[in-house]
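Source file: data_37.cif; contents: mmCIF, C-alpha atoms.
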```cif
data_target
#
loop_
_atom_site.label_atom_id
_atom_site.label_comp_id
_atom_site.auth_asym_id
_atom_site.auth_seq_id
_atom_site.Cartn_x
_atom_site.Cartn_y
_atom_site.Cartn_z
CA MET A 272 -102.64 -76.41 141.16
CA PRO A 273 -102.25 -80.21 140.90
CA LEU A 274 -102.75 -82.22 144.10
CA ALA A 275 -100.80 -85.29 145.22
CA LEU A 276 -101.61 -87.81 147.96
CA ILE A 277 -98.64 -89.57 149.53
CA MET A 278 -98.98 -92.64 151.76
CA SER A 279 -95.53 -93.33 153.18
CA SER A 280 -93.18 -92.61 156.07
CA PHE A 281 -92.50 -89.27 157.75
CA VAL A 282 -88.93 -88.67 158.95
CA ALA A 283 -88.51 -85.22 160.49
CA ALA A 284 -84.75 -84.73 160.18
CA SER A 285 -83.95 -86.72 157.02
CA ARG A 286 -84.75 -86.17 153.38
CA ILE A 287 -86.23 -89.64 152.89
CA GLY A 288 -89.70 -91.09 152.55
CA GLY A 289 -92.92 -89.17 152.15
CA ALA A 290 -91.60 -86.10 153.95
CA ALA A 291 -88.87 -85.69 151.32
CA GLN A 292 -91.38 -86.26 148.53
CA GLN A 293 -93.43 -83.34 149.82
CA TYR A 294 -90.49 -81.03 149.13
CA VAL A 295 -89.92 -82.51 145.67
CA LEU A 296 -93.57 -82.11 144.68
CA ALA A 297 -93.81 -78.59 146.10
CA GLY A 298 -90.80 -77.65 143.99
CA HIS A 299 -92.80 -78.76 140.94
CA ARG A 300 -95.81 -76.68 142.08
CA ILE A 301 -97.79 -79.76 143.05
CA ASP A 302 -99.61 -79.50 146.38
CA PRO A 303 -98.71 -82.52 148.56
CA VAL A 304 -100.91 -84.22 151.17
CA LEU A 305 -99.04 -86.77 153.30
CA ALA A 306 -100.74 -89.54 155.28
CA PRO A 307 -97.82 -90.98 157.29
CA THR A 308 -97.59 -94.71 157.88
CA VAL A 309 -94.86 -94.29 160.51
CA MET A 310 -93.13 -91.29 162.11
CA PHE A 311 -89.45 -90.94 162.99
CA GLY A 312 -87.35 -88.11 164.34
CA ARG A 313 -84.35 -89.18 162.29
CA SER A 314 -83.56 -91.94 159.84
CA PRO A 315 -84.10 -95.51 161.07
CA ALA A 316 -80.78 -96.28 159.35
CA LYS A 317 -79.21 -94.31 162.22
CA GLY A 318 -80.96 -96.39 164.85
CA ALA A 319 -84.09 -94.31 165.39
CA THR A 320 -87.22 -95.94 166.78
CA GLY A 321 -90.39 -94.67 165.19
CA GLU A 322 -94.08 -94.68 166.00
CA VAL A 323 -96.19 -96.76 163.62
CA THR A 324 -99.52 -95.25 162.65
CA SER A 325 -102.15 -97.69 163.86
CA PRO A 326 -104.59 -98.97 161.24
CA GLU A 327 -107.42 -97.20 163.06
CA VAL A 328 -105.66 -93.83 162.97
CA PHE A 329 -104.45 -94.36 159.38
CA ARG A 330 -107.98 -95.19 158.24
CA ARG A 331 -109.44 -92.20 160.09
CA MET A 332 -106.80 -89.85 158.70
CA LEU A 333 -107.52 -90.90 155.13
CA GLY A 334 -111.24 -90.76 155.81
CA ASP A 335 -110.87 -87.14 156.91
CA ILE A 336 -108.95 -86.35 153.72
CA GLU A 337 -111.75 -87.97 151.73
CA ALA A 338 -114.39 -86.10 153.74
CA ASP A 339 -112.84 -82.82 152.57
CA ALA A 340 -113.74 -83.96 149.03
CA LEU A 341 -110.05 -84.16 148.13
CA PHE A 342 -110.12 -87.62 146.57
CA GLY A 343 -111.81 -86.18 143.49
CA LEU A 344 -109.05 -83.58 143.23
CA VAL A 345 -106.10 -85.95 143.58
CA ASP A 346 -103.98 -86.00 140.40
CA LEU A 347 -101.14 -88.16 141.72
CA VAL A 348 -100.97 -90.89 144.35
CA ILE A 349 -97.60 -92.14 145.58
CA THR A 350 -97.38 -95.13 147.90
CA GLY A 351 -94.12 -95.95 149.63
CA HIS A 352 -93.24 -97.42 153.01
CA PHE A 353 -95.79 -99.43 154.99
CA SER A 354 -95.23 -100.86 158.44
CA LEU A 355 -98.27 -103.15 158.67
CA PRO A 356 -100.17 -105.29 156.15
CA GLU A 357 -103.39 -103.68 157.42
CA GLN A 358 -102.06 -100.30 156.23
CA VAL A 359 -101.50 -101.78 152.77
CA GLU A 360 -105.08 -103.00 152.64
CA ILE A 361 -106.36 -99.56 153.65
CA ALA A 362 -104.15 -97.94 150.99
CA ALA A 363 -105.49 -100.29 148.31
CA GLY A 364 -109.02 -99.23 149.18
CA VAL A 365 -107.98 -95.59 148.95
CA LEU A 366 -106.53 -96.11 145.47
CA GLU A 367 -109.81 -97.63 144.35
CA ARG A 368 -111.86 -94.78 145.84
CA VAL A 369 -109.61 -92.08 144.38
CA ARG A 370 -110.07 -93.59 140.94
CA ALA A 371 -113.84 -93.84 141.41
CA ALA A 372 -114.27 -90.29 142.75
CA THR A 373 -115.98 -87.64 140.64
CA ARG A 374 -113.19 -85.50 139.20
CA GLY A 375 -114.95 -82.15 139.41
CA LYS A 376 -112.36 -79.38 139.21
CA ALA A 377 -109.33 -81.66 139.26
CA TYR A 378 -106.24 -80.55 137.34
CA ALA A 379 -105.87 -83.83 135.44
CA GLY A 380 -108.50 -85.92 133.72
CA ARG A 381 -107.56 -88.98 135.79
CA PRO A 382 -105.27 -89.68 138.74
CA THR A 383 -101.87 -91.28 138.18
CA VAL A 384 -100.88 -93.97 140.68
CA VAL A 385 -97.17 -94.54 141.34
CA VAL A 386 -96.40 -97.48 143.63
CA ASP A 387 -92.90 -97.61 145.07
CA PRO A 388 -92.91 -101.18 146.44
CA ILE A 389 -90.58 -100.48 149.34
CA MET A 390 -89.42 -103.81 150.72
CA GLY A 391 -85.65 -103.90 150.95
CA ASP A 392 -82.32 -103.39 149.23
CA GLU A 393 -78.77 -104.63 149.02
CA PRO A 394 -77.01 -105.70 151.18
CA LYS A 395 -79.53 -106.04 154.01
CA GLY A 396 -82.34 -107.61 152.02
CA LEU A 397 -85.91 -107.40 153.28
CA TYR A 398 -86.44 -104.55 155.78
CA VAL A 399 -90.21 -104.76 156.09
CA THR A 400 -91.99 -107.83 157.40
CA PRO A 401 -92.71 -110.64 154.93
CA ALA A 402 -96.43 -109.98 155.47
CA VAL A 403 -96.03 -106.34 154.36
CA ALA A 404 -93.96 -107.34 151.32
CA GLU A 405 -96.57 -109.92 150.32
CA ALA A 406 -99.41 -107.43 150.74
CA VAL A 407 -97.66 -104.77 148.66
CA ALA A 408 -97.02 -107.26 145.85
CA ARG A 409 -100.55 -108.68 145.94
CA ARG A 410 -102.64 -105.55 146.52
CA LEU A 411 -100.74 -102.45 145.40
CA VAL A 412 -98.58 -103.48 142.46
CA PRO A 413 -101.61 -104.61 140.38
CA LEU A 414 -103.33 -101.25 141.05
CA ALA A 415 -100.38 -99.15 139.90
CA ASP A 416 -100.06 -97.18 136.70
CA TRP A 417 -96.31 -97.27 137.33
CA ILE A 418 -94.08 -99.05 139.82
CA THR A 419 -90.65 -97.77 140.89
CA PRO A 420 -88.82 -100.70 142.52
CA ASN A 421 -85.09 -100.90 143.00
CA VAL A 422 -83.38 -103.92 141.45
CA TRP A 423 -83.52 -105.91 144.69
CA GLU A 424 -87.25 -105.26 145.06
CA LEU A 425 -87.86 -106.21 141.44
CA SER A 426 -86.01 -109.46 142.09
CA HIS A 427 -88.24 -110.09 145.11
CA LEU A 428 -91.39 -109.40 143.09
CA VAL A 429 -90.50 -111.92 140.36
CA GLY A 430 -88.88 -114.45 142.70
CA ARG A 431 -85.50 -114.61 141.01
CA HIS A 432 -82.24 -112.70 140.84
CA VAL A 433 -82.20 -109.75 138.43
CA ALA A 434 -78.66 -109.25 137.20
CA ASP A 435 -78.62 -106.32 134.79
CA ALA A 436 -80.73 -103.91 132.76
CA ALA A 437 -81.82 -106.44 130.14
CA ASP A 438 -82.79 -108.88 132.87
CA ALA A 439 -84.69 -106.12 134.69
CA ALA A 440 -86.66 -105.29 131.54
CA ALA A 441 -87.63 -108.94 131.18
CA ALA A 442 -88.66 -109.07 134.85
CA VAL A 443 -90.93 -106.04 134.52
CA ARG A 444 -92.62 -107.63 131.52
CA GLU A 445 -93.12 -110.83 133.53
CA LEU A 446 -95.07 -108.73 136.02
CA GLY A 447 -97.16 -107.18 133.26
CA ALA A 448 -96.31 -103.77 134.69
CA ARG A 449 -94.91 -100.44 133.56
CA ALA A 450 -91.91 -99.47 135.64
CA LEU A 451 -89.10 -97.07 136.33
CA VAL A 452 -86.52 -99.32 137.99
CA THR A 453 -83.92 -97.66 140.21
CA SER A 454 -80.35 -98.61 141.20
CA VAL A 455 -79.78 -100.47 137.93
CA PRO A 456 -76.09 -101.45 137.62
CA ALA A 457 -74.40 -100.34 134.40
CA GLY A 458 -70.81 -101.41 134.76
CA PRO A 459 -68.31 -100.76 137.56
CA ASP A 460 -68.66 -96.96 137.63
CA ARG A 461 -72.20 -96.19 136.47
CA ILE A 462 -75.70 -96.67 137.84
CA GLY A 463 -79.08 -95.58 136.64
CA LEU A 464 -82.79 -95.89 135.98
CA LEU A 465 -84.53 -98.22 133.56
CA LEU A 466 -87.86 -97.23 132.02
CA VAL A 467 -89.89 -100.20 130.82
CA ASP A 468 -93.13 -99.47 128.98
CA GLY A 469 -94.32 -102.55 127.10
CA GLU A 470 -91.67 -103.62 124.61
CA ALA A 471 -89.80 -100.31 124.93
CA ALA A 472 -86.96 -100.10 127.44
CA THR A 473 -84.63 -97.14 127.97
CA LEU A 474 -81.66 -96.99 130.34
CA PHE A 475 -80.52 -93.68 131.87
CA THR A 476 -77.16 -93.83 133.65
CA HIS A 477 -74.85 -91.46 135.49
CA GLY A 478 -71.54 -91.82 137.30
CA ARG A 479 -71.61 -93.80 140.52
CA LEU A 480 -70.35 -91.96 143.62
CA GLU A 481 -68.71 -93.68 146.56
CA ARG A 482 -71.09 -91.97 148.98
CA ALA A 483 -74.70 -91.03 148.32
CA PRO A 484 -77.29 -90.10 150.95
CA ASN A 485 -80.37 -92.28 151.32
CA GLY A 486 -83.59 -91.19 149.65
CA THR A 487 -82.80 -91.14 145.93
CA GLY A 488 -85.52 -93.71 145.25
CA ASP A 489 -88.08 -91.50 147.00
CA LEU A 490 -86.88 -88.50 145.01
CA VAL A 491 -87.13 -90.42 141.72
CA ALA A 492 -90.69 -91.62 142.40
CA ALA A 493 -91.84 -88.08 143.20
CA SER A 494 -90.00 -86.45 140.30
CA PHE A 495 -91.27 -89.04 137.83
CA GLY A 496 -94.82 -88.76 139.10
CA ALA A 497 -94.64 -84.97 138.92
CA GLY A 498 -93.56 -85.15 135.30
CA LEU A 499 -96.45 -87.42 134.38
CA VAL A 500 -98.97 -85.11 136.04
CA GLN A 501 -97.45 -82.12 134.26
CA GLY A 502 -98.03 -83.80 130.91
CA LEU A 503 -94.55 -85.06 130.10
CA SER A 504 -94.28 -88.33 128.24
CA PRO A 505 -93.05 -91.26 130.38
CA LEU A 506 -89.73 -91.09 128.54
CA ASP A 507 -89.27 -87.38 129.22
CA ALA A 508 -90.45 -87.72 132.83
CA ALA A 509 -87.95 -90.54 133.39
CA GLU A 510 -85.11 -88.56 131.83
CA ARG A 511 -85.85 -85.56 134.04
CA ALA A 512 -86.08 -87.79 137.13
CA SER A 513 -82.73 -89.36 136.23
CA ARG A 514 -81.08 -85.98 135.81
CA ALA A 515 -82.67 -84.73 139.04
CA ALA A 516 -81.32 -87.72 140.98
CA ALA A 517 -77.83 -87.25 139.51
CA GLU A 518 -77.94 -83.49 140.13
CA THR A 519 -79.03 -83.93 143.75
CA VAL A 520 -76.49 -86.62 144.60
CA LYS A 521 -73.63 -84.68 142.98
CA ALA A 522 -74.63 -81.48 144.79
CA GLY A 523 -74.82 -83.33 148.09
CA ASP A 524 -71.34 -84.72 147.53
CA ALA A 525 -69.93 -81.30 146.57
CA TRP A 526 -71.54 -79.65 149.60
CA ASN A 527 -70.62 -82.55 151.91
CA SER A 528 -74.29 -82.81 152.84
CA PRO A 529 -75.41 -85.74 155.00
CA GLU A 530 -78.86 -85.53 153.40
CA LEU A 531 -80.12 -84.96 149.88
CA PRO A 532 -80.15 -81.15 149.40
CA ILE A 533 -83.62 -81.14 147.87
CA VAL A 534 -84.67 -77.70 149.07
CA ALA A 535 -81.29 -76.04 148.52
CA LEU A 536 -81.25 -77.10 144.87
CA GLY A 537 -84.33 -75.01 144.15
CA ASP A 538 -85.01 -74.74 140.44
CA ARG A 539 -82.15 -77.12 139.62
CA LEU A 540 -84.37 -79.94 140.88
CA VAL A 541 -87.09 -79.01 138.38
CA ARG A 542 -84.74 -78.19 135.49
CA PRO A 543 -81.75 -80.45 136.12
CA THR A 544 -78.80 -80.37 133.76
CA ALA A 545 -76.71 -83.24 135.13
CA GLU A 546 -75.14 -85.49 132.51
CA VAL A 547 -76.87 -88.79 131.85
CA ARG A 548 -76.27 -91.38 129.17
CA ILE A 549 -79.38 -92.64 127.41
CA GLU A 550 -79.45 -96.09 125.82
CA THR A 551 -82.34 -97.86 124.14
CA LEU A 552 -82.31 -101.57 124.92
#
```

If you convert what's in this file into structure tokens, what do you get?
Amino acid sequence: MPLALIMSSFVAASRIGGAAQQYVLAGHRIDPVLAPTVMFGRSPAKGATGEVTSPEVFRRMLGDIEADALFGLVDLVITGHFSLPEQVEIAAGVLERVRAATRGKAYAGRPTVVVDPIMGDEPKGLYVTPAVAEAVARRLVPLADWITPNVWELSHLVGRHVADAADAAAAVRELGARALVTSVPAGPDRIGLLLVDGEAATLFTHGRLERAPNGTGDLVAASFGAGLVQGLSPLDAAERASRAAAETVKAGDAWNSPELPIVALGDRLVRPTAEVRIETL
């Protein structure tokens, strides 16, 4: 069975962050290992106060995971929310050691690193400290195989406003990265994902709903990473992630769910059939 290492937040009662990604990966038959950077009972968007994992504990936790010889078995690494720049530095060292580890009986020939540069979003803007945002951009983004920023985060990374899909594709190329950009506007009633891989750029859009629970970016990063580990092409992995996001949001709206119904969807998360429009830019 493939193995994934997640370094991100744990929120007990919400389907966001690393805890939600565990469910997504398990649904794809990928064994998740979560090293939490911060722990909450419920979403901080609802006013919860969490407990940040100290750098000492975070380092020791990851050291214990490494001591179990798991770094050589890791097929996918996902990084997400960080509360302290020291955590980012520790995570960067982990990425380097995972890549250097002897693969042994690992499922994949090499680990895939997906960096979700969680920094902020519209309309609030930055919701981590400037020091964390700077550390993520400087240390983690260059180590990524793929980044999954939202449009606001992409704008922050390139230091200018990103207006639309074509502008987002140009911004990703400025970074010299490969990316699956989330929350890309596509007119007044559609929103989607933009896959940028070198000169190729593909936009996947679905209908925009008035209300959507938080966590779709976390779901997309995990679904996309799962597809890559399972041998899908980036294009096919992005299409499946787009359909999974649309399927989950639509189901949540139909069921009046306050959270993304990741577990309740079951196989629909792995084999989503939601309508998406696909456009080559």

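Interatomic distance, CA of Ile301 (chain A) against CA of Ala379 (chain A): 11.8 Å.
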
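Across A:Leu499, A:Ala493, A:Leu355, A:Met310, the tightest approach to Thr400 (chain A) is made by A:Leu355 when counting all atoms listed in the file.
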
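Within the file as shown, the PyMOL selection byres ((chain A and resi 443) around 10) identifies A:Ile418, A:Pro420, A:Leu425, A:Ser426, A:Leu428, A:Val429, A:Asp438, A:Ala439, A:Ala440, A:Ala441, A:Ala442, A:Arg444, A:Glu445, A:Leu446, A:Gly447, A:Ala448, A:Arg449, A:Ala450, A:Leu451, A:Val452, A:Leu466, A:Val467, A:Asp468, A:Gly469.
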
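You can rank A:Arg548, A:Arg542, A:His432, A:Arg482 by their closest distance to Val520 (chain A) using only C-alpha atoms, and at the top of that list sits A:Arg482.
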
Applying the PyMOL selection byres ((chain A and resi 333) around 12) to the file I just gave you, which residues come out? Please list them as an mmCIF file with C-alpha atoms, keeping the file's coordinate frame.
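Dumped to selection.cif:
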```cif
data_model
loop_
_atom_site.group_PDB
_atom_site.id
_atom_site.type_symbol
_atom_site.label_atom_id
_atom_site.label_comp_id
_atom_site.auth_asym_id
_atom_site.auth_seq_id
_atom_site.Cartn_x
_atom_site.Cartn_y
_atom_site.Cartn_z
ATOM 1 C CA LEU A 276 -101.610 -87.810 147.960
ATOM 2 C CA ILE A 277 -98.640 -89.570 149.530
ATOM 3 C CA MET A 278 -98.980 -92.640 151.760
ATOM 4 C CA VAL A 304 -100.910 -84.220 151.170
ATOM 5 C CA LEU A 305 -99.040 -86.770 153.300
ATOM 6 C CA ALA A 306 -100.740 -89.540 155.280
ATOM 7 C CA PRO A 307 -97.820 -90.980 157.290
ATOM 8 C CA THR A 308 -97.590 -94.710 157.880
ATOM 9 C CA THR A 324 -99.520 -95.250 162.650
ATOM 10 C CA PRO A 326 -104.590 -98.970 161.240
ATOM 11 C CA GLU A 327 -107.420 -97.200 163.060
ATOM 12 C CA VAL A 328 -105.660 -93.830 162.970
ATOM 13 C CA PHE A 329 -104.450 -94.360 159.380
ATOM 14 C CA ARG A 330 -107.980 -95.190 158.240
ATOM 15 C CA ARG A 331 -109.440 -92.200 160.090
ATOM 16 C CA MET A 332 -106.800 -89.850 158.700
ATOM 17 C CA GLY A 334 -111.240 -90.760 155.810
ATOM 18 C CA ASP A 335 -110.870 -87.140 156.910
ATOM 19 C CA ILE A 336 -108.950 -86.350 153.720
ATOM 20 C CA GLU A 337 -111.750 -87.970 151.730
ATOM 21 C CA ALA A 338 -114.390 -86.100 153.740
ATOM 22 C CA ASP A 339 -112.840 -82.820 152.570
ATOM 23 C CA ALA A 340 -113.740 -83.960 149.030
ATOM 24 C CA LEU A 341 -110.050 -84.160 148.130
ATOM 25 C CA PHE A 342 -110.120 -87.620 146.570
ATOM 26 C CA GLN A 358 -102.060 -100.300 156.230
ATOM 27 C CA ILE A 361 -106.360 -99.560 153.650
ATOM 28 C CA ALA A 362 -104.150 -97.940 150.990
ATOM 29 C CA ALA A 363 -105.490 -100.290 148.310
ATOM 30 C CA GLY A 364 -109.020 -99.230 149.180
ATOM 31 C CA VAL A 365 -107.980 -95.590 148.950
ATOM 32 C CA LEU A 366 -106.530 -96.110 145.470
ATOM 33 C CA ARG A 368 -111.860 -94.780 145.840
ATOM 34 C CA VAL A 369 -109.610 -92.080 144.380
#
```

Would you translate the PyMOL selection byres ((chain A and resi 484) around 7) into the concrete set of residues it matches in this file, as a short mmCIF file (atom, residue, chain, number, x, y, z; two decimals) with C-alpha atoms, in the coordinates of the input?
```cif
data_model
loop_
_atom_site.label_atom_id
_atom_site.label_comp_id
_atom_site.auth_asym_id
_atom_site.auth_seq_id
_atom_site.Cartn_x
_atom_site.Cartn_y
_atom_site.Cartn_z
CA ARG A 482 -71.09 -91.97 148.98
CA ALA A 483 -74.70 -91.03 148.32
CA ASN A 485 -80.37 -92.28 151.32
CA GLY A 486 -83.59 -91.19 149.65
CA PRO A 529 -75.41 -85.74 155.00
CA GLU A 530 -78.86 -85.53 153.40
CA LEU A 531 -80.12 -84.96 149.88
#
```

*Find, counting all atoms listed in the file, the residue in A:Thr487, A:Ser513, A:Ser454, A:Gln501 that gets nearest to Trp423 (chain A).*
A:Ser454

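Our summary of the geometry notes that CA of Asp460 (chain A) is positioned 24.2 Å from CA of Asp507 (chain A).
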
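Across A:Pro382, A:Gly458, A:Gly321, A:Gly396, the tightest approach to Val422 (chain A) is made by A:Gly396 when counting all atoms listed in the file.
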
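Counting only C-alpha atoms, the residue from A:Leu552, A:Ala316, A:Ala492, A:Val399 that sits nearest to Thr383 (chain A) is A:Ala492.
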
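All residues that come within 7 Å of the coordinates (-81.7, -99.8, 127.1), counting all atoms listed in the file, are given as Ala472, Thr473, Leu474, Glu550, Thr551 and Leu552 of chain A.
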
*Of the candidates A:Val534, A:Val547, A:Val500, A:Ala471, which one gets nearest to Arg514 (chain A) if we count only C-alpha atoms?*
A:Val547

*Could you name the residues that touch Val407 (chain A) at 12 Å or less, counting all atoms listed in the file, but leaving out those on the same chain fewer than 2 positions away, as a PyMOL selection string?*
chain A and resi 350-363+386-390+399-405+409-415+418+420+424+427-428

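Note that CA of Pro456 (chain A) and CA of Thr476 (chain A) are 8.7 Å apart.
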
*What's the 7 Å shell around Phe495 (chain A), counting all atoms listed in the file, without same-chain residues fewer than 4 positions away, as a PyMOL selection string?*
chain A and resi 491+499+508-509+512

Export region 431-447 of chain A of the preceding structure, keeping C-alpha atoms, as a PDB file, in the first residue's frame.
```pdb
ATOM      1  CA  ARG A 431       1.430  41.062  -8.059  1.00  0.00           C
ATOM      2  CA  HIS A 432      -2.299  40.676  -8.588  1.00  0.00           C
ATOM      3  CA  VAL A 433      -3.343  37.604 -10.581  1.00  0.00           C
ATOM      4  CA  ALA A 434      -6.584  38.382 -12.376  1.00  0.00           C
ATOM      5  CA  ASP A 435      -7.623  35.329 -14.363  1.00  0.00           C
ATOM      6  CA  ALA A 436      -6.569  31.924 -15.655  1.00  0.00           C
ATOM      7  CA  ALA A 437      -4.196  33.221 -18.321  1.00  0.00           C
ATOM      8  CA  ASP A 438      -2.569  35.520 -15.785  1.00  0.00           C
ATOM      9  CA  ALA A 439      -2.291  32.623 -13.318  1.00  0.00           C
ATOM     10  CA  ALA A 440      -0.537  30.472 -15.921  1.00  0.00           C
ATOM     11  CA  ALA A 441       1.967  33.259 -16.540  1.00  0.00           C
ATOM     12  CA  ALA A 442       2.525  33.655 -12.789  1.00  0.00           C
ATOM     13  CA  VAL A 443       3.263  29.949 -12.320  1.00  0.00           C
ATOM     14  CA  ARG A 444       5.808  30.101 -15.128  1.00  0.00           C
ATOM     15  CA  GLU A 445       7.428  33.120 -13.472  1.00  0.00           C
ATOM     16  CA  LEU A 446       7.967  30.932 -10.418  1.00  0.00           C
ATOM     17  CA  GLY A 447       9.464  28.160 -12.537  1.00  0.00           C
TER      18      GLY A 447
END
```
